[in-house]
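Shown below: start.pdb, with PDB, C-alpha atoms.
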ATOM      1  CA  MET E   1     129.430 199.191 124.204  1.00  0.00           C
ATOM      2  CA  ILE E   2     131.505 197.814 121.333  1.00  0.00           C
ATOM      3  CA  ASP E   3     129.555 196.412 118.386  1.00  0.00           C
ATOM      4  CA  PHE E   4     130.937 195.836 114.893  1.00  0.00           C
ATOM      5  CA  VAL E   5     131.119 193.312 112.037  1.00  0.00           C
ATOM      6  CA  ASP E   6     134.509 192.280 110.657  1.00  0.00           C
ATOM      7  CA  LYS E   7     136.674 189.545 109.199  1.00  0.00           C
ATOM      8  CA  CYS E   8     138.902 187.793 111.729  1.00  0.00           C
ATOM      9  CA  VAL E   9     141.927 185.514 111.950  1.00  0.00           C
ATOM     10  CA  VAL E  10     142.920 183.803 115.207  1.00  0.00           C
ATOM     11  CA  LEU E  11     146.575 184.345 116.141  1.00  0.00           C
ATOM     12  CA  ALA E  12     146.652 182.790 119.626  1.00  0.00           C
ATOM     13  CA  VAL E  13     144.356 180.896 121.982  1.00  0.00           C
ATOM     14  CA  SER E  14     144.578 180.382 125.742  1.00  0.00           C
ATOM     15  CA  ASP E  15     142.419 178.610 128.320  1.00  0.00           C
ATOM     16  CA  TYR E  16     140.007 180.761 130.309  1.00  0.00           C
ATOM     17  CA  ARG E  17     137.860 179.376 133.103  1.00  0.00           C
ATOM     18  CA  ASP E  18     136.578 175.811 132.998  1.00  0.00           C
ATOM     19  CA  ASP E  19     134.920 175.609 129.592  1.00  0.00           C
ATOM     20  CA  ASP E  20     135.988 178.806 127.821  1.00  0.00           C
ATOM     21  CA  ARG E  21     138.922 179.985 125.767  1.00  0.00           C
ATOM     22  CA  LEU E  22     140.275 183.440 125.062  1.00  0.00           C
ATOM     23  CA  ALA E  23     141.502 184.193 121.541  1.00  0.00           C
ATOM     24  CA  LYS E  24     143.778 186.956 120.305  1.00  0.00           C
ATOM     25  CA  VAL E  25     142.115 187.861 117.031  1.00  0.00           C
ATOM     26  CA  LEU E  26     143.377 190.171 114.300  1.00  0.00           C
ATOM     27  CA  THR E  27     140.509 191.855 112.479  1.00  0.00           C
ATOM     28  CA  ALA E  28     140.620 193.441 109.052  1.00  0.00           C
ATOM     29  CA  GLU E  29     139.353 196.872 110.114  1.00  0.00           C
ATOM     30  CA  HIS E  30     139.487 197.066 113.918  1.00  0.00           C
ATOM     31  CA  GLY E  31     142.959 195.863 114.827  1.00  0.00           C
ATOM     32  CA  LEU E  32     143.796 193.289 117.476  1.00  0.00           C
ATOM     33  CA  VAL E  33     140.994 192.262 119.849  1.00  0.00           C
ATOM     34  CA  SER E  34     140.439 189.695 122.595  1.00  0.00           C
ATOM     35  CA  VAL E  35     137.519 187.372 121.897  1.00  0.00           C
ATOM     36  CA  LEU E  36     135.902 185.215 124.557  1.00  0.00           C
ATOM     37  CA  LEU E  37     134.707 181.886 123.170  1.00  0.00           C
ATOM     38  CA  ARG E  38     132.305 180.451 125.699  1.00  0.00           C
ATOM     39  CA  GLY E  39     131.869 176.728 126.245  1.00  0.00           C
ATOM     40  CA  VAL E  40     134.300 175.662 123.498  1.00  0.00           C
ATOM     41  CA  LYS E  41     135.922 172.964 125.663  1.00  0.00           C
ATOM     42  CA  LYS E  42     132.672 171.018 125.732  1.00  0.00           C
ATOM     43  CA  ALA E  43     132.500 168.005 123.439  1.00  0.00           C
ATOM     44  CA  LYS E  44     129.764 169.268 121.111  1.00  0.00           C
ATOM     45  CA  ALA E  45     130.538 172.989 121.275  1.00  0.00           C
ATOM     46  CA  LYS E  46     129.479 174.750 118.073  1.00  0.00           C
ATOM     47  CA  LEU E  47     132.235 177.349 118.426  1.00  0.00           C
ATOM     48  CA  LYS E  48     135.034 174.780 118.720  1.00  0.00           C
ATOM     49  CA  PRO E  49     136.433 175.445 115.176  1.00  0.00           C
ATOM     50  CA  PHE E  50     136.616 179.169 116.012  1.00  0.00           C
ATOM     51  CA  ALA E  51     138.861 178.443 119.008  1.00  0.00           C
ATOM     52  CA  GLN E  52     141.606 177.015 116.802  1.00  0.00           C
ATOM     53  CA  CYS E  53     144.737 178.995 115.937  1.00  0.00           C
ATOM     54  CA  PHE E  54     144.753 180.228 112.327  1.00  0.00           C
ATOM     55  CA  ALA E  55     140.959 179.955 111.946  1.00  0.00           C
ATOM     56  CA  VAL E  56     139.453 182.607 109.649  1.00  0.00           C
ATOM     57  CA  PHE E  57     135.854 183.759 110.018  1.00  0.00           C
ATOM     58  CA  ASP E  58     133.350 186.589 109.600  1.00  0.00           C
ATOM     59  CA  THR E  59     131.377 187.696 112.635  1.00  0.00           C
ATOM     60  CA  ARG E  60     129.696 190.411 114.583  1.00  0.00           C
ATOM     61  CA  LEU E  61     131.656 191.164 117.765  1.00  0.00           C
ATOM     62  CA  VAL E  62     129.970 192.761 120.768  1.00  0.00           C
ATOM     63  CA  GLY E  63     130.964 193.452 124.346  1.00  0.00           C
ATOM     64  CA  ARG E  64     132.053 195.818 127.056  1.00  0.00           C
ATOM     65  CA  GLY E  65     135.528 196.235 128.489  1.00  0.00           C
ATOM     66  CA  GLY E  66     138.330 193.962 127.384  1.00  0.00           C
ATOM     67  CA  PHE E  67     136.546 190.903 125.968  1.00  0.00           C
ATOM     68  CA  LEU E  68     134.330 190.662 122.924  1.00  0.00           C
ATOM     69  CA  THR E  69     131.891 187.871 122.096  1.00  0.00           C
ATOM     70  CA  PRO E  70     131.157 186.591 118.570  1.00  0.00           C
ATOM     71  CA  VAL E  71     127.535 186.676 117.426  1.00  0.00           C
ATOM     72  CA  GLU E  72     126.538 184.171 114.714  1.00  0.00           C
ATOM     73  CA  PRO E  73     130.087 183.769 113.341  1.00  0.00           C
ATOM     74  CA  MET E  74     130.529 182.266 109.867  1.00  0.00           C
ATOM     75  CA  LEU E  75     133.581 180.072 109.443  1.00  0.00           C
ATOM     76  CA  ILE E  76     135.616 180.683 106.302  1.00  0.00           C
ATOM     77  CA  ARG E  77     138.448 178.273 107.060  1.00  0.00           C
ATOM     78  CA  ASP E  78     139.353 176.357 110.197  1.00  0.00           C
ATOM     79  CA  GLY E  79     142.967 176.131 111.316  1.00  0.00           C
ATOM     80  CA  PHE E  80     143.175 172.392 111.856  1.00  0.00           C
ATOM     81  CA  ALA E  81     144.992 171.641 108.591  1.00  0.00           C
ATOM     82  CA  LEU E  82     147.795 174.042 109.502  1.00  0.00           C
ATOM     83  CA  CYS E  83     148.240 172.209 112.803  1.00  0.00           C
ATOM     84  CA  SER E  84     148.427 168.673 111.379  1.00  0.00           C
ATOM     85  CA  ASP E  85     151.913 169.017 109.831  1.00  0.00           C
ATOM     86  CA  LEU E  86     154.618 169.971 112.329  1.00  0.00           C
ATOM     87  CA  ARG E  87     156.696 172.055 109.911  1.00  0.00           C
ATOM     88  CA  VAL E  88     153.645 173.947 108.682  1.00  0.00           C
ATOM     89  CA  PHE E  89     152.547 174.464 112.282  1.00  0.00           C
ATOM     90  CA  ALA E  90     155.986 175.798 113.249  1.00  0.00           C
ATOM     91  CA  ALA E  91     156.002 178.219 110.305  1.00  0.00           C
ATOM     92  CA  ALA E  92     152.478 179.478 111.027  1.00  0.00           C
ATOM     93  CA  SER E  93     153.154 179.766 114.772  1.00  0.00           C
ATOM     94  CA  VAL E  94     156.242 181.934 114.282  1.00  0.00           C
ATOM     95  CA  ALA E  95     154.305 184.134 111.856  1.00  0.00           C
ATOM     96  CA  ALA E  96     151.416 184.525 114.310  1.00  0.00           C
ATOM     97  CA  GLU E  97     153.746 185.376 117.202  1.00  0.00           C
ATOM     98  CA  ALA E  98     155.633 187.899 115.064  1.00  0.00           C
ATOM     99  CA  THR E  99     152.360 189.523 114.012  1.00  0.00           C
ATOM    100  CA  LEU E 100     151.195 189.794 117.610  1.00  0.00           C
ATOM    101  CA  SER E 101     154.430 191.371 118.816  1.00  0.00           C
ATOM    102  CA  ALA E 102     154.492 193.821 115.874  1.00  0.00           C
ATOM    103  CA  ILE E 103     151.104 195.276 116.874  1.00  0.00           C
ATOM    104  CA  CYS E 104     151.412 197.453 119.949  1.00  0.00           C
ATOM    105  CA  ASP E 105     148.447 199.766 119.490  1.00  0.00           C
ATOM    106  CA  GLY E 106     144.702 199.669 118.988  1.00  0.00           C
ATOM    107  CA  GLU E 107     144.813 200.799 115.383  1.00  0.00           C
ATOM    108  CA  PRO E 108     143.722 198.814 112.304  1.00  0.00           C
ATOM    109  CA  HIS E 109     146.482 196.849 110.579  1.00  0.00           C
ATOM    110  CA  THR E 110     144.757 195.772 107.389  1.00  0.00           C
ATOM    111  CA  ASP E 111     148.055 195.216 105.571  1.00  0.00           C
ATOM    112  CA  MET E 112     149.211 192.716 108.210  1.00  0.00           C
ATOM    113  CA  PHE E 113     145.801 191.058 108.252  1.00  0.00           C
ATOM    114  CA  LEU E 114     145.854 190.527 104.484  1.00  0.00           C
ATOM    115  CA  GLU E 115     149.473 189.371 104.565  1.00  0.00           C
ATOM    116  CA  PHE E 116     148.671 186.729 107.168  1.00  0.00           C
ATOM    117  CA  LEU E 117     145.834 185.436 104.995  1.00  0.00           C
ATOM    118  CA  LYS E 118     148.233 185.285 102.028  1.00  0.00           C
ATOM    119  CA  LEU E 119     150.643 183.247 104.138  1.00  0.00           C
ATOM    120  CA  GLU E 120     147.900 180.839 105.166  1.00  0.00           C
ATOM    121  CA  LYS E 121     146.920 180.324 101.534  1.00  0.00           C
ATOM    122  CA  ALA E 122     150.567 179.768 100.581  1.00  0.00           C
ATOM    123  CA  LEU E 123     150.940 177.175 103.354  1.00  0.00           C
ATOM    124  CA  TYR E 124     147.926 175.317 101.965  1.00  0.00           C
ATOM    125  CA  ASP E 125     148.864 175.625  98.282  1.00  0.00           C
ATOM    126  CA  TYR E 126     152.657 175.313  98.070  1.00  0.00           C
ATOM    127  CA  LYS E 127     155.461 173.114  99.318  1.00  0.00           C
ATOM    128  CA  GLU E 128     158.239 174.202 101.676  1.00  0.00           C
ATOM    129  CA  PRO E 129     156.487 176.033 104.551  1.00  0.00           C
ATOM    130  CA  TYR E 130     159.696 177.635 105.811  1.00  0.00           C
ATOM    131  CA  TYR E 131     160.146 179.430 102.504  1.00  0.00           C
ATOM    132  CA  GLN E 132     156.579 180.799 102.651  1.00  0.00           C
ATOM    133  CA  ALA E 133     157.152 181.931 106.240  1.00  0.00           C
ATOM    134  CA  ALA E 134     160.422 183.617 105.228  1.00  0.00           C
ATOM    135  CA  VAL E 135     158.480 185.636 102.646  1.00  0.00           C
ATOM    136  CA  PHE E 136     156.024 186.623 105.366  1.00  0.00           C
ATOM    137  CA  MET E 137     158.779 187.714 107.774  1.00  0.00           C
ATOM    138  CA  THR E 138     160.309 190.034 105.170  1.00  0.00           C
ATOM    139  CA  ARG E 139     156.872 191.560 104.549  1.00  0.00           C
ATOM    140  CA  ILE E 140     156.033 192.011 108.232  1.00  0.00           C
ATOM    141  CA  LEU E 141     159.381 193.735 108.821  1.00  0.00           C
ATOM    142  CA  GLU E 142     158.644 196.053 105.915  1.00  0.00           C
ATOM    143  CA  TYR E 143     155.152 196.902 107.214  1.00  0.00           C
ATOM    144  CA  ALA E 144     156.642 197.677 110.629  1.00  0.00           C
ATOM    145  CA  GLY E 145     159.168 200.089 109.113  1.00  0.00           C
ATOM    146  CA  TYR E 146     162.265 197.879 109.125  1.00  0.00           C
ATOM    147  CA  PHE E 147     162.684 197.425 105.386  1.00  0.00           C
ATOM    148  CA  ARG E 148     165.921 195.924 104.139  1.00  0.00           C
ATOM    149  CA  GLU E 149     166.500 194.907 100.556  1.00  0.00           C
ATOM    150  CA  TYR E 150     168.334 191.595 100.495  1.00  0.00           C
ATOM    151  CA  ALA E 151     170.651 190.604  97.646  1.00  0.00           C
ATOM    152  CA  TYR E 152     168.766 188.732  94.922  1.00  0.00           C
ATOM    153  CA  ASP E 153     169.912 185.665  93.028  1.00  0.00           C
ATOM    154  CA  GLU E 154     167.954 183.470  90.602  1.00  0.00           C
ATOM    155  CA  THR E 155     169.534 180.388  92.206  1.00  0.00           C
ATOM    156  CA  PRO E 156     170.260 181.429  95.812  1.00  0.00           C
ATOM    157  CA  LYS E 157     172.966 179.580  97.723  1.00  0.00           C
ATOM    158  CA  THR E 158     172.946 181.495 101.019  1.00  0.00           C
ATOM    159  CA  PRO E 159     170.186 182.399 103.497  1.00  0.00           C
ATOM    160  CA  VAL E 160     170.506 186.124 102.734  1.00  0.00           C
ATOM    161  CA  ARG E 161     170.155 185.560  99.006  1.00  0.00           C
ATOM    162  CA  MET E 162     167.222 183.258  99.652  1.00  0.00           C
ATOM    163  CA  LEU E 163     165.561 186.150 101.492  1.00  0.00           C
ATOM    164  CA  GLY E 164     166.285 188.355  98.468  1.00  0.00           C
ATOM    165  CA  TYR E 165     164.660 185.683  96.306  1.00  0.00           C
ATOM    166  CA  ALA E 166     161.695 185.619  98.687  1.00  0.00           C
ATOM    167  CA  GLN E 167     161.332 189.408  98.503  1.00  0.00           C
ATOM    168  CA  ARG E 168     161.386 189.395  94.712  1.00  0.00           C
ATOM    169  CA  ARG E 169     159.365 186.243  93.983  1.00  0.00           C
ATOM    170  CA  GLY E 170     156.967 186.267  96.922  1.00  0.00           C
ATOM    171  CA  TYR E 171     154.890 183.231  97.890  1.00  0.00           C
ATOM    172  CA  ALA E 172     155.573 180.420  95.448  1.00  0.00           C
ATOM    173  CA  ASP E 173     156.659 176.825  95.169  1.00  0.00           C
ATOM    174  CA  ALA E 174     160.267 176.522  96.321  1.00  0.00           C
ATOM    175  CA  GLU E 175     161.202 172.921  95.697  1.00  0.00           C
ATOM    176  CA  ASN E 176     164.611 171.470  96.580  1.00  0.00           C
ATOM    177  CA  ALA E 177     165.369 174.290  98.993  1.00  0.00           C
ATOM    178  CA  ASP E 178     164.355 172.751 102.304  1.00  0.00           C
ATOM    179  CA  ASP E 179     167.516 173.377 104.334  1.00  0.00           C
ATOM    180  CA  LEU E 180     168.270 176.733 102.705  1.00  0.00           C
ATOM    181  CA  SER E 181     164.699 177.883 103.371  1.00  0.00           C
ATOM    182  CA  ARG E 182     164.995 176.785 106.996  1.00  0.00           C
ATOM    183  CA  ARG E 183     168.199 178.799 107.429  1.00  0.00           C
ATOM    184  CA  ALA E 184     166.702 181.809 105.640  1.00  0.00           C
ATOM    185  CA  PHE E 185     163.635 181.635 107.870  1.00  0.00           C
ATOM    186  CA  LYS E 186     165.832 181.517 110.982  1.00  0.00           C
ATOM    187  CA  TYR E 187     167.850 184.471 109.675  1.00  0.00           C
ATOM    188  CA  ALA E 188     164.657 186.484 109.109  1.00  0.00           C
ATOM    189  CA  CYS E 189     163.496 185.620 112.640  1.00  0.00           C
ATOM    190  CA  ALA E 190     166.823 186.867 114.036  1.00  0.00           C
ATOM    191  CA  GLU E 191     166.417 190.097 112.049  1.00  0.00           C
ATOM    192  CA  TYR E 192     162.943 190.481 113.506  1.00  0.00           C
ATOM    193  CA  GLU E 193     164.138 189.873 117.075  1.00  0.00           C
ATOM    194  CA  ARG E 194     166.881 192.482 116.700  1.00  0.00           C
ATOM    195  CA  ALA E 195     164.470 195.028 115.229  1.00  0.00           C
ATOM    196  CA  PHE E 196     161.835 194.568 117.918  1.00  0.00           C
ATOM    197  CA  ASP E 197     164.172 193.725 120.805  1.00  0.00           C
ATOM    198  CA  THR E 198     162.122 190.637 121.564  1.00  0.00           C
ATOM    199  CA  GLU E 199     162.324 186.850 121.457  1.00  0.00           C
ATOM    200  CA  LEU E 200     160.159 184.713 119.211  1.00  0.00           C
ATOM    201  CA  LYS E 201     159.731 181.673 121.439  1.00  0.00           C
ATOM    202  CA  SER E 202     158.031 179.660 118.713  1.00  0.00           C
ATOM    203  CA  ALA E 203     161.119 180.088 116.489  1.00  0.00           C
ATOM    204  CA  GLN E 204     162.896 177.576 118.722  1.00  0.00           C
ATOM    205  CA  SER E 205     160.843 174.822 117.103  1.00  0.00           C
ATOM    206  CA  ILE E 206     162.194 175.483 113.580  1.00  0.00           C
ATOM    207  CA  ASP E 207     165.144 173.131 113.930  1.00  0.00           C
ATOM    208  CA  LEU E 208     163.048 170.461 115.639  1.00  0.00           C
ATOM    209  CA  TYR E 209     161.060 169.942 112.441  1.00  0.00           C
ATOM    210  CA  ALA E 210     163.827 170.465 109.893  1.00  0.00           C
TER     211      ALA E 210
END

Here is the file; what I need is its structure written in the form of structure tokens.
Amino acid sequence: MIDFVDKCVVLAVSDYRDDDRLAKVLTAEHGLVSVLLRGVKKAKAKLKPFAQCFAVFDTRLVGRGGFLTPVEPMLIRDGFALCSDLRVFAAASVAAEATLSAICDGEPHTDMFLEFLKLEKALYDYKEPYYQAAVFMTRILEYAGYFREYAYDETPKTPVRMLGYAQRRGYADAENADDLSRRAFKYACAEYERAFDTELKSAQSIDLYA
């Protein structure tokens, strides 16, 4: 029987049976787990905020086999605010999908967990979500062993130099760089897809919300 207490962030949610949902949850110390959230489709379900992508919470997780169940979870931050703005949602969705595809084992990935929380905070605190997501993509590539140092410029004019700026400056306010940040984010996604030989389906929405 599995039984542990950990911090969690929801990366993906899918329907499961009539009233339940199944969440792919990244934990701080126990890696990626599948969490069954029972009855969350009901109108007054207490666990409804925990069945939202990007929700962050503390909980005890127990179970046998593939699915775990939360016991008395404590919500730290729901994910609804990151879903209310389409550009923020697109940025967070690509980041979540990239994180999921980068984890292919049952080992802890505390660095990725913390980085995703940093991204969420940046999406709440700063403007230009595509810039914040570009920072995240460079970090996730580095954690996965695909480090590349991009050319740095104090006033970047190209996507590659914007990625160099993102590497050096990290999460920050990036005003007046909307289109350049979008192109840099797309470039970082393409780098990720080449490195992992995969397709980030959520990246297709980047241009829709330019």

Review point. Any idea what the distance is between atom CA of Ala102 of chain E and atom CA of Ser34 of chain E?
Key: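 Atom CA of Ser34 of chain E lies at a distance of 16.1 Å from atom CA of Ala102 of chain E.
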
Report as a PDB file with C-alpha atoms, in the coordinates of the input the full result of the PyMOL selection byres ((chain E and resi 192-196) around 8) when it is applied to this structure.
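out.pdb was written with the following content:
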ATOM      1  CA  ALA E  98     155.633 187.899 115.064  1.00  0.00           C
ATOM      2  CA  ALA E 102     154.492 193.821 115.874  1.00  0.00           C
ATOM      3  CA  MET E 137     158.779 187.714 107.774  1.00  0.00           C
ATOM      4  CA  LEU E 141     159.381 193.735 108.821  1.00  0.00           C
ATOM      5  CA  TYR E 146     162.265 197.879 109.125  1.00  0.00           C
ATOM      6  CA  ALA E 188     164.657 186.484 109.109  1.00  0.00           C
ATOM      7  CA  CYS E 189     163.496 185.620 112.640  1.00  0.00           C
ATOM      8  CA  ALA E 190     166.823 186.867 114.036  1.00  0.00           C
ATOM      9  CA  GLU E 191     166.417 190.097 112.049  1.00  0.00           C
ATOM     10  CA  ASP E 197     164.172 193.725 120.805  1.00  0.00           C
ATOM     11  CA  THR E 198     162.122 190.637 121.564  1.00  0.00           C
ATOM     12  CA  GLU E 199     162.324 186.850 121.457  1.00  0.00           C
ATOM     13  CA  LEU E 200     160.159 184.713 119.211  1.00  0.00           C
TER      14      LEU E 200
END

Produce a table with one row for each residue of segment 75-186 of chain E that has an atom at most 8 Å from any atom of segment 49-55 of chain E, each row naming the nearest atom pair and its distance in Å at one decimal; use only C-alpha atoms; arrange rows by chain and rising residue number; format as JSON lines.
{"residue": "E:Leu75", "atom": "CA", "partner": "E:Phe50", "partner_atom": "CA", "distance": 7.3}
{"residue": "E:Ile76", "atom": "CA", "partner": "E:Ala55", "partner_atom": "CA", "distance": 7.8}
{"residue": "E:Arg77", "atom": "CA", "partner": "E:Ala55", "partner_atom": "CA", "distance": 5.7}
{"residue": "E:Asp78", "atom": "CA", "partner": "E:Ala55", "partner_atom": "CA", "distance": 4.3}
{"residue": "E:Gly79", "atom": "CA", "partner": "E:Ala55", "partner_atom": "CA", "distance": 4.4}
{"residue": "E:Phe80", "atom": "CA", "partner": "E:Gln52", "partner_atom": "CA", "distance": 6.9}
{"residue": "E:Leu82", "atom": "CA", "partner": "E:Phe54", "partner_atom": "CA", "distance": 7.4}
{"residue": "E:Ala92", "atom": "CA", "partner": "E:Phe54", "partner_atom": "CA", "distance": 7.9}
{"residue": "E:Glu120", "atom": "CA", "partner": "E:Phe54", "partner_atom": "CA", "distance": 7.8}

Practice item. Please measure the separation of atom CA of Val94 of chain E and atom CA of Lys118 of chain E, giving the value in Å to one decimal. Key: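 Interatomic distance here is 15.0 Å.
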
Review point. Got a sec to resolve the PyMOL selection byres ((chain E and resi 9-14) around 9) on this structure and send the residues as an MDAnalysis selection string?
Key: chainID E and resid 7:8 15:16 20:28 50:58 79 93 95:97 99:100 113 116:117

Centre and size of axis-aligned box enclosing segment 96-99 of chain E plus 3 Å each side, as AutoDock Vina command-line options:
--center_x 153.5 --center_y 187.0 --center_z 115.6 --size_x 10.2 --size_y 11.0 --size_z 9.2

Could I see segment 35-44 of chain E restored to all heavy atoms, set down as a CSV table (one decimal), in the coordinates of the input?
chain,number,residue,atom,x,y,z
E,35,VAL,N,138.9,187.9,122.1
E,35,VAL,CA,137.5,187.4,121.9
E,35,VAL,C,137.3,186.2,122.9
E,35,VAL,O,138.1,185.3,122.9
E,35,VAL,CB,137.3,186.9,120.4
E,35,VAL,CG1,136.0,186.2,120.3
E,35,VAL,CG2,137.5,188.1,119.5
E,36,LEU,N,136.2,186.3,123.6
E,36,LEU,CA,135.9,185.2,124.6
E,36,LEU,C,135.0,184.2,123.9
E,36,LEU,O,133.9,184.6,123.4
E,36,LEU,CB,135.2,185.8,125.8
E,36,LEU,CG,134.8,184.8,126.9
E,36,LEU,CD1,136.0,184.1,127.4
E,36,LEU,CD2,134.1,185.5,128.0
E,37,LEU,N,135.5,183.0,123.8
E,37,LEU,CA,134.7,181.9,123.2
E,37,LEU,C,134.2,181.0,124.3
E,37,LEU,O,134.9,180.2,124.9
E,37,LEU,CB,135.6,181.1,122.2
E,37,LEU,CG,136.2,182.0,121.1
E,37,LEU,CD1,137.4,181.4,120.5
E,37,LEU,CD2,135.1,182.2,120.0
E,38,ARG,N,132.9,181.1,124.6
E,38,ARG,CA,132.3,180.5,125.7
E,38,ARG,C,132.0,179.0,125.4
E,38,ARG,O,131.4,178.7,124.3
E,38,ARG,CB,131.0,181.2,126.1
E,38,ARG,CG,131.3,182.6,126.6
E,38,ARG,CD,130.0,183.3,127.0
E,38,ARG,NE,130.1,184.7,127.2
E,38,ARG,CZ,130.6,185.3,128.3
E,38,ARG,NH1,131.0,184.5,129.3
E,38,ARG,NH2,130.7,186.6,128.5
E,39,GLY,N,132.3,178.1,126.3
E,39,GLY,CA,131.9,176.7,126.2
E,39,GLY,C,132.6,175.9,125.2
E,39,GLY,O,132.1,174.8,124.9
E,40,VAL,N,133.7,176.4,124.6
E,40,VAL,CA,134.3,175.7,123.5
E,40,VAL,C,135.1,174.4,123.9
E,40,VAL,O,135.4,173.6,123.1
E,40,VAL,CB,135.2,176.6,122.7
E,40,VAL,CG1,134.5,177.7,122.0
E,40,VAL,CG2,136.3,177.2,123.6
E,41,LYS,N,135.3,174.2,125.2
E,41,LYS,CA,135.9,173.0,125.7
E,41,LYS,C,134.9,171.8,125.8
E,41,LYS,O,135.4,170.7,126.0
E,41,LYS,CB,136.6,173.2,127.0
E,41,LYS,CG,137.8,174.2,127.0
E,41,LYS,CD,138.4,174.3,128.3
E,41,LYS,CE,139.4,175.4,128.4
E,41,LYS,NZ,140.0,175.6,129.7
E,42,LYS,N,133.7,172.1,125.7
E,42,LYS,CA,132.7,171.0,125.7
E,42,LYS,C,132.7,170.2,124.4
E,42,LYS,O,133.0,170.7,123.4
E,42,LYS,CB,131.3,171.6,126.0
E,42,LYS,CG,131.2,172.3,127.3
E,42,LYS,CD,129.8,172.9,127.5
E,42,LYS,CE,129.7,173.7,128.8
E,42,LYS,NZ,128.3,174.3,129.0
E,43,ALA,N,132.3,168.9,124.6
E,43,ALA,CA,132.5,168.0,123.4
E,43,ALA,C,131.8,168.4,122.2
E,43,ALA,O,132.3,168.3,121.1
E,43,ALA,CB,132.0,166.6,123.9
E,44,LYS,N,130.6,168.9,122.3
E,44,LYS,CA,129.8,169.3,121.1
E,44,LYS,C,129.6,170.8,120.9
E,44,LYS,O,128.6,171.2,120.3
E,44,LYS,CB,128.4,168.6,121.2
E,44,LYS,CG,128.4,167.1,121.2
E,44,LYS,CD,127.0,166.5,121.3
E,44,LYS,CE,127.1,165.0,121.3
E,44,LYS,NZ,125.8,164.4,121.4
